[in-house]
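Data block below; observations after.
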Amino acid sequence: MKERACGLIVVLAAGTAELAHAQGVLPPPAEGLTFAASERVRYEAIDGQARAGFNRSDDLVDFRTTLLARYQHGPVSVVGELWDSRVYGGNRRSPVTTGEVNTLEPVQAYVQLDLGDMLGRGSKLKVQAGRFLLNLGARRLVAADDYRNTTNGYTGLRADWSKGGWAATAIYTMPQRRRPDDIDALLSNQPAIDREGSALVLWGGLLNRARAIGPALVETSYFHLGEHDTPGRPTRDRSLDTASIRIARDPATAMVDYEVEVIGQTGSLSTSLAAGAPRQQVRAWFVHGRIGYSWAGAWKPRLLAEFDYASGDAPGGSYGRFDTLFGMRRADLAPAGLYNAIARSNVVAPALQAEAARGRTDVTLSYRPMWLAAQTDAFSSTGVRDARGRAGDFAGHQLDGRIRYRLSKAVRLEGDVVLLAKGRFLRDAPNAPPGRWTKYVAFNLLAAL
């Protein structure tokens, strides 16, 4: 593992010298035809894998290439974007999924109309139709994940309205189901166009008002996810209604910032993938809290305390495991990729985090102890479970660090390190992988032009 890591660092350094001449990222839409491209190369390695069913140690090389074309003519925009996500170095016991591989995929192909003040003086309205990416609200329910090697694409309609301090977004979409999804095809990076259809539908929207409570934004959202089986693709037939309210004040020097988001989830799903399986009611919830303070100075240090609670499924009654839908995880919890152990399901996780940025460099370090919200459910996204609840509820201590350095406007290096000291649950549960520590490292080179 160490030899391969060192070798890739040399490759990244050589590639950086060639890419450093790139001239910045895509500017705001301008009349006519414009293009943008990016390339991200990642080497990641893990030892003491915390997730059940995979290699104890593994390392992968990920490539993600994007090409975007935009034609702007007055109020009309036409956008197309191709993503090519590949992985090398895995085997059949590597955790390689459609989160890592999606080859030659047109994730965006849409038309957008700027309708100006069609709905009244001082208002703005835009509508969009086709295939597109979505980042809504705090991105905990609907997002185009950036740390992950692939993204979430959606096909349908979107409308954005704003007036004064008010803003609203409404969507009706069919999330793209990435293909192929069998391990052999993924390991060989086989291409297959993603599918969308009425078997998986996401609709809803959000409404927010800036400076609604002093300087704080208040936002509310509602999304419905509907899912059913198709030939050869059994599902849990989820029918989920997810509503949230969020209050947030952005960070500012010598000021306290904060955020509280509460999300409730109801509906129903099948108890298994089997055809005709009984239905079960869903009652799940999630809460995120944050308070921070930023100081002046050359490094602009910031210290914050956070808390995340995502319900798990306890015996009897309703199904209680929170479903984060299409939300991101890196900004709040931990990296995806080979680590990918922490998600917004069955987890209780307070945290302390320190941040600093100066010039081209920014650094983040966080400490997060973690518990299970429900002792008999699988812990977060590890797949580790003790159905009898005898392994306790403490999962472990996570130390997560990231450093980024921008070589130019277009070229950035990033390093990520995660250490997980496994608690009693991740050591003693019946299917827990052996070992007391999980160690994860990733080196990234991103170039955009």
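We label chains A, B, ... in the order they appear in the structure tokens, count residues from 1 in each chain, and number ligands from 1 in the order shown.
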field: Selection near range 244-261 of chain A, 12 Å with only C-alpha atoms, sequence-local residues under 3 positions removed, as a ChimeraX atom specification
entry: /A:137-141,204-223,241,264-266,285-310,324,355
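Using only C-alpha atoms, the protein and nucleic acid residues lying no more than 9 Å from Gly130 in chain A, apart from those fewer than 6 places from it along its own chain, are Gln108, Ala109, Tyr110, Val111, Gln112, Tyr154, Thr155, Gly156 and Leu157 of chain A.
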Go ahead and save the picked residues with N, CA, C and O atoms, as a short mmCIF file (atom, residue, chain, number, x, y, z; two decimals), in the first residue's frame.
data_model
loop_
_atom_site.label_atom_id
_atom_site.label_comp_id
_atom_site.auth_asym_id
_atom_site.auth_seq_id
_atom_site.Cartn_x
_atom_site.Cartn_y
_atom_site.Cartn_z
N GLN A 108 -25.89 15.60 -17.62
CA GLN A 108 -26.69 16.81 -17.83
C GLN A 108 -26.96 17.01 -19.32
O GLN A 108 -26.06 16.89 -20.15
N ALA A 109 -28.22 17.33 -19.61
CA ALA A 109 -28.63 17.70 -20.97
C ALA A 109 -29.97 18.42 -20.81
O ALA A 109 -31.02 17.80 -20.81
N TYR A 110 -29.91 19.74 -20.62
CA TYR A 110 -31.14 20.47 -20.28
C TYR A 110 -31.22 21.81 -20.98
O TYR A 110 -30.22 22.35 -21.47
N VAL A 111 -32.43 22.34 -20.99
CA VAL A 111 -32.72 23.68 -21.47
C VAL A 111 -33.25 24.49 -20.30
O VAL A 111 -34.09 24.01 -19.53
N GLN A 112 -32.74 25.71 -20.17
CA GLN A 112 -33.21 26.61 -19.11
C GLN A 112 -33.68 27.93 -19.71
O GLN A 112 -33.02 28.49 -20.59
N TYR A 154 -30.55 13.82 -12.18
CA TYR A 154 -32.01 13.83 -12.09
C TYR A 154 -32.58 14.25 -13.44
O TYR A 154 -32.03 15.16 -14.09
N THR A 155 -33.67 13.64 -13.85
CA THR A 155 -34.31 13.99 -15.11
C THR A 155 -35.72 14.49 -14.82
O THR A 155 -36.49 13.81 -14.13
N GLY A 156 -36.05 15.68 -15.32
CA GLY A 156 -37.38 16.20 -15.06
C GLY A 156 -37.45 17.70 -15.22
O GLY A 156 -36.85 18.28 -16.13
N LEU A 157 -38.17 18.35 -14.28
CA LEU A 157 -38.43 19.78 -14.34
C LEU A 157 -37.99 20.45 -13.05
O LEU A 157 -38.12 19.87 -11.96
#
Judged by only C-alpha atoms, the minimum distance to Arg177 in chain A among A:Pro434, A:Gly99, A:Gly317, A:Gly120 is found for A:Gly99
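All residues of protein, DNA or RNA that reach within 9 Å of Ala387 in chain A, judged by only C-alpha atoms and not counting those fewer than 3 positions away in the chain, are Gln375, Thr376, Asp377, Ala378, Arg390, Ala429 and Pro430 of chain A.
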Just-selected residues, N, CA, C and O atoms written as an mmCIF file, in the first residue's frame:
data_model
loop_
_atom_site.group_PDB
_atom_site.id
_atom_site.type_symbol
_atom_site.label_atom_id
_atom_site.label_comp_id
_atom_site.auth_asym_id
_atom_site.auth_seq_id
_atom_site.Cartn_x
_atom_site.Cartn_y
_atom_site.Cartn_z
ATOM 1 N N GLN A 375 -29.720 0.002 19.157
ATOM 2 C CA GLN A 375 -28.674 -1.003 19.342
ATOM 3 C C GLN A 375 -28.829 -2.220 18.454
ATOM 4 O O GLN A 375 -27.839 -2.884 18.137
ATOM 5 N N THR A 376 -30.047 -2.551 18.023
ATOM 6 C CA THR A 376 -30.255 -3.783 17.269
ATOM 7 C C THR A 376 -30.246 -3.558 15.754
ATOM 8 O O THR A 376 -30.423 -4.506 14.991
ATOM 9 N N ASP A 377 -30.051 -2.320 15.320
ATOM 10 C CA ASP A 377 -29.988 -2.001 13.894
ATOM 11 C C ASP A 377 -28.519 -1.922 13.472
ATOM 12 O O ASP A 377 -27.620 -1.755 14.296
ATOM 13 N N ALA A 378 -28.271 -2.025 12.157
ATOM 14 C CA ALA A 378 -26.908 -1.885 11.645
ATOM 15 C C ALA A 378 -26.403 -0.473 11.900
ATOM 16 O O ALA A 378 -27.147 0.511 11.739
ATOM 17 N N ARG A 390 -26.371 -7.069 22.193
ATOM 18 C CA ARG A 390 -25.442 -7.385 23.278
ATOM 19 C C ARG A 390 -24.084 -6.698 23.139
ATOM 20 O O ARG A 390 -23.293 -6.710 24.080
ATOM 21 N N ALA A 429 -19.643 -6.937 17.705
ATOM 22 C CA ALA A 429 -20.842 -7.382 16.992
ATOM 23 C C ALA A 429 -20.522 -8.638 16.179
ATOM 24 O O ALA A 429 -19.384 -8.807 15.713
ATOM 25 N N PRO A 430 -21.491 -9.535 15.986
ATOM 26 C CA PRO A 430 -21.206 -10.829 15.353
ATOM 27 C C PRO A 430 -20.514 -10.746 13.998
ATOM 28 O O PRO A 430 -19.665 -11.592 13.686
#
- Query: Can you tell me, as JSON, numbers by chain, what residues are no more than 7 Å from range 86-93 of chain A when counting only C-alpha atoms, ignoring any on the same chain fewer than 6 positions away?
  - Reply: {"A": [54, 55, 59, 60, 61, 62, 63, 64, 100, 101, 102, 103, 183, 187, 189]}
Mind writing the picked residues with all heavy atoms as a short mmCIF file (atom, residue, chain, number, x, y, z; two decimals), in the first residue's frame?
data_model
loop_
_atom_site.label_atom_id
_atom_site.label_comp_id
_atom_site.auth_asym_id
_atom_site.auth_seq_id
_atom_site.Cartn_x
_atom_site.Cartn_y
_atom_site.Cartn_z
N PHE A 54 -16.10 -6.88 3.16
CA PHE A 54 -15.12 -6.41 2.19
C PHE A 54 -13.70 -6.76 2.64
O PHE A 54 -13.48 -7.23 3.76
CB PHE A 54 -15.25 -4.90 2.00
CG PHE A 54 -16.58 -4.47 1.49
CD1 PHE A 54 -17.43 -3.69 2.27
CD2 PHE A 54 -17.02 -4.85 0.22
CE1 PHE A 54 -18.67 -3.29 1.80
CE2 PHE A 54 -18.26 -4.46 -0.25
CZ PHE A 54 -19.08 -3.67 0.54
N ASN A 55 -12.73 -6.53 1.74
CA ASN A 55 -11.33 -6.73 2.09
C ASN A 55 -10.97 -5.94 3.34
O ASN A 55 -11.39 -4.80 3.51
CB ASN A 55 -10.42 -6.26 0.95
CG ASN A 55 -10.59 -7.08 -0.32
OD1 ASN A 55 -10.78 -8.29 -0.26
ND2 ASN A 55 -10.54 -6.41 -1.46
N ASP A 59 -6.77 -0.69 -1.73
CA ASP A 59 -6.42 0.61 -2.28
C ASP A 59 -6.90 0.67 -3.72
O ASP A 59 -6.96 -0.32 -4.44
CB ASP A 59 -4.92 0.93 -2.17
CG ASP A 59 -4.03 -0.10 -2.85
OD1 ASP A 59 -4.49 -1.23 -3.10
OD2 ASP A 59 -2.87 0.23 -3.13
N LEU A 60 -7.30 1.88 -4.12
CA LEU A 60 -7.89 2.11 -5.43
C LEU A 60 -7.32 3.40 -6.02
O LEU A 60 -6.92 4.31 -5.30
CB LEU A 60 -9.41 2.25 -5.34
CG LEU A 60 -10.23 1.07 -4.82
CD1 LEU A 60 -11.68 1.48 -4.63
CD2 LEU A 60 -10.13 -0.12 -5.77
N VAL A 61 -7.34 3.46 -7.35
CA VAL A 61 -7.05 4.70 -8.07
C VAL A 61 -8.33 5.07 -8.82
O VAL A 61 -8.85 4.29 -9.61
CB VAL A 61 -5.88 4.53 -9.05
CG1 VAL A 61 -5.63 5.84 -9.80
CG2 VAL A 61 -4.62 4.11 -8.31
N ASP A 62 -8.84 6.27 -8.55
CA ASP A 62 -10.08 6.75 -9.17
C ASP A 62 -9.76 7.89 -10.14
O ASP A 62 -8.94 8.77 -9.84
CB ASP A 62 -11.03 7.30 -8.10
CG ASP A 62 -11.37 6.30 -7.02
OD1 ASP A 62 -11.28 5.09 -7.28
OD2 ASP A 62 -11.73 6.73 -5.91
N PHE A 63 -10.44 7.87 -11.27
CA PHE A 63 -10.36 8.96 -12.23
C PHE A 63 -11.77 9.50 -12.48
O PHE A 63 -12.70 8.72 -12.69
CB PHE A 63 -9.77 8.49 -13.57
CG PHE A 63 -8.31 8.16 -13.51
CD1 PHE A 63 -7.90 6.88 -13.15
CD2 PHE A 63 -7.35 9.10 -13.81
CE1 PHE A 63 -6.55 6.55 -13.10
CE2 PHE A 63 -6.00 8.79 -13.76
CZ PHE A 63 -5.60 7.51 -13.40
N ARG A 64 -11.91 10.81 -12.47
CA ARG A 64 -13.19 11.44 -12.79
C ARG A 64 -12.95 12.59 -13.76
O ARG A 64 -12.28 13.57 -13.43
CB ARG A 64 -13.88 11.97 -11.53
CG ARG A 64 -15.31 12.46 -11.80
CD ARG A 64 -15.95 12.98 -10.54
NE ARG A 64 -15.43 14.30 -10.16
CZ ARG A 64 -15.71 14.89 -9.00
NH1 ARG A 64 -16.47 14.28 -8.10
NH2 ARG A 64 -15.23 16.09 -8.74
N GLU A 100 -18.56 4.69 -7.38
CA GLU A 100 -17.20 4.88 -7.90
C GLU A 100 -17.14 4.86 -9.42
O GLU A 100 -16.28 5.52 -10.01
CB GLU A 100 -16.27 3.77 -7.37
CG GLU A 100 -15.87 3.89 -5.92
CD GLU A 100 -17.02 3.63 -4.95
OE1 GLU A 100 -17.76 2.63 -5.14
OE2 GLU A 100 -17.18 4.45 -4.03
N VAL A 101 -18.01 4.10 -10.07
CA VAL A 101 -17.92 3.87 -11.51
C VAL A 101 -19.20 4.30 -12.21
O VAL A 101 -20.30 3.88 -11.83
CB VAL A 101 -17.63 2.39 -11.82
CG1 VAL A 101 -17.59 2.16 -13.33
CG2 VAL A 101 -16.31 1.96 -11.18
N ASN A 102 -19.06 5.13 -13.23
CA ASN A 102 -20.15 5.49 -14.12
C ASN A 102 -19.49 6.04 -15.38
O ASN A 102 -19.16 7.23 -15.45
CB ASN A 102 -21.09 6.52 -13.49
CG ASN A 102 -22.44 6.59 -14.17
OD1 ASN A 102 -22.80 5.70 -14.93
ND2 ASN A 102 -23.19 7.63 -13.91
N THR A 103 -19.31 5.17 -16.36
CA THR A 103 -18.46 5.47 -17.50
C THR A 103 -19.24 6.15 -18.62
O THR A 103 -20.31 5.70 -19.01
CB THR A 103 -17.82 4.16 -18.02
OG1 THR A 103 -17.20 3.48 -16.93
CG2 THR A 103 -16.80 4.44 -19.08
N ILE A 183 -20.80 -6.28 -10.01
CA ILE A 183 -19.42 -6.05 -9.63
C ILE A 183 -18.44 -6.27 -10.78
O ILE A 183 -17.49 -5.50 -10.94
CB ILE A 183 -19.03 -6.91 -8.39
CG1 ILE A 183 -17.62 -6.56 -7.91
CG2 ILE A 183 -19.18 -8.38 -8.70
CD1 ILE A 183 -17.46 -5.15 -7.41
N LEU A 187 -15.92 -3.37 -12.11
CA LEU A 187 -14.47 -3.51 -12.04
C LEU A 187 -13.80 -3.33 -13.40
O LEU A 187 -12.65 -2.92 -13.49
CB LEU A 187 -14.09 -4.86 -11.43
CG LEU A 187 -14.39 -5.01 -9.94
CD1 LEU A 187 -14.15 -6.45 -9.50
CD2 LEU A 187 -13.54 -4.05 -9.10
N ASN A 189 -15.04 -1.28 -15.67
CA ASN A 189 -15.44 0.06 -16.12
C ASN A 189 -16.28 0.03 -17.39
O ASN A 189 -16.09 0.84 -18.31
CB ASN A 189 -14.19 0.93 -16.34
CG ASN A 189 -13.42 1.19 -15.06
OD1 ASN A 189 -13.94 1.76 -14.11
ND2 ASN A 189 -12.17 0.74 -15.03
#
- request: Excluding Ser318 in chain A and any residue of its chain fewer than 4 positions from it, enumerate the residues within 6 Å of it, using only C-alpha atoms, and give them as a ChimeraX atom specification.
  value: /A:281-283
Report task. Would you please give, as a PyMOL selection string, all residues of range 137-318 of chain A that DSSP assigns to alpha helix (DSSP H) based on the backbone? Result -> chain A and resi 183-187
Selection from above, N, CA, C and O atoms, as a compact mmCIF listing (two decimals), in the first residue's frame, can you write it?
# COMPACT_ATOMS: atom_id res chain seq x y z
N ILE A 183 -20.80 -6.28 -10.01
CA ILE A 183 -19.42 -6.05 -9.63
C ILE A 183 -18.44 -6.27 -10.78
O ILE A 183 -17.49 -5.50 -10.94
N ASP A 184 -18.66 -7.28 -11.61
CA ASP A 184 -17.71 -7.54 -12.70
C ASP A 184 -17.72 -6.40 -13.72
O ASP A 184 -16.66 -5.97 -14.20
N ALA A 185 -18.90 -5.92 -14.07
CA ALA A 185 -18.99 -4.80 -15.01
C ALA A 185 -18.37 -3.54 -14.42
O ALA A 185 -17.71 -2.77 -15.12
N LEU A 186 -18.56 -3.32 -13.13
CA LEU A 186 -17.99 -2.14 -12.49
C LEU A 186 -16.46 -2.22 -12.46
O LEU A 186 -15.78 -1.23 -12.75
N LEU A 187 -15.92 -3.37 -12.11
CA LEU A 187 -14.47 -3.51 -12.04
C LEU A 187 -13.80 -3.33 -13.40
O LEU A 187 -12.65 -2.92 -13.49
Find the spatial neighbours of range 325-330 of chain A, counting only C-alpha atoms, within a cut-off of 6 Å - ignore same-chain residues fewer than 2 positions away - and output them as a PDB file with N, CA and C atoms, in the first residue's frame.
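Output contents, as saved in result_23.pdb:
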ATOM      1  N   ARG A 139     -28.187  20.447   1.382  1.00  0.00           N
ATOM      2  CA  ARG A 139     -27.717  19.300   0.606  1.00  0.00           C
ATOM      3  C   ARG A 139     -27.751  17.989   1.398  1.00  0.00           C
ATOM      4  N   ARG A 140     -28.530  17.969   2.484  1.00  0.00           N
ATOM      5  CA  ARG A 140     -28.602  16.737   3.279  1.00  0.00           C
ATOM      6  C   ARG A 140     -29.640  15.761   2.750  1.00  0.00           C
ATOM      7  N   LEU A 141     -30.509  16.226   1.841  1.00  0.00           N
ATOM      8  CA  LEU A 141     -31.521  15.361   1.246  1.00  0.00           C
ATOM      9  C   LEU A 141     -31.385  15.244  -0.263  1.00  0.00           C
ATOM     10  N   VAL A 142     -30.989  16.320  -0.918  1.00  0.00           N
ATOM     11  CA  VAL A 142     -30.858  16.322  -2.380  1.00  0.00           C
ATOM     12  C   VAL A 142     -29.551  17.027  -2.739  1.00  0.00           C
ATOM     13  N   ALA A 143     -28.645  16.288  -3.375  1.00  0.00           N
ATOM     14  CA  ALA A 143     -27.327  16.852  -3.666  1.00  0.00           C
ATOM     15  C   ALA A 143     -26.689  16.154  -4.844  1.00  0.00           C
ATOM     16  N   ASP A 145     -23.310  14.888  -5.155  1.00  0.00           N
ATOM     17  CA  ASP A 145     -22.155  14.630  -4.295  1.00  0.00           C
ATOM     18  C   ASP A 145     -20.860  14.939  -5.028  1.00  0.00           C
ATOM     19  N   ASP A 323     -33.751   7.706   6.192  1.00  0.00           N
ATOM     20  CA  ASP A 323     -33.259   7.590   4.821  1.00  0.00           C
ATOM     21  C   ASP A 323     -32.885   8.990   4.347  1.00  0.00           C
ATOM     22  N   ASP A 332     -20.544  17.021   6.380  1.00  0.00           N
ATOM     23  CA  ASP A 332     -21.010  16.884   7.762  1.00  0.00           C
ATOM     24  C   ASP A 332     -20.348  15.750   8.528  1.00  0.00           C
ATOM     25  N   LEU A 333     -20.023  14.635   7.855  1.00  0.00           N
ATOM     26  CA  LEU A 333     -19.735  13.411   8.584  1.00  0.00           C
ATOM     27  C   LEU A 333     -18.357  12.813   8.320  1.00  0.00           C
ATOM     28  N   ALA A 334     -18.088  12.392   7.091  1.00  0.00           N
ATOM     29  CA  ALA A 334     -16.842  11.690   6.796  1.00  0.00           C
ATOM     30  C   ALA A 334     -16.767  11.435   5.297  1.00  0.00           C
ATOM     31  N   PRO A 335     -15.590  11.041   4.789  1.00  0.00           N
ATOM     32  CA  PRO A 335     -15.467  10.762   3.359  1.00  0.00           C
ATOM     33  C   PRO A 335     -16.284   9.552   2.929  1.00  0.00           C
TER      34      PRO A 335
END
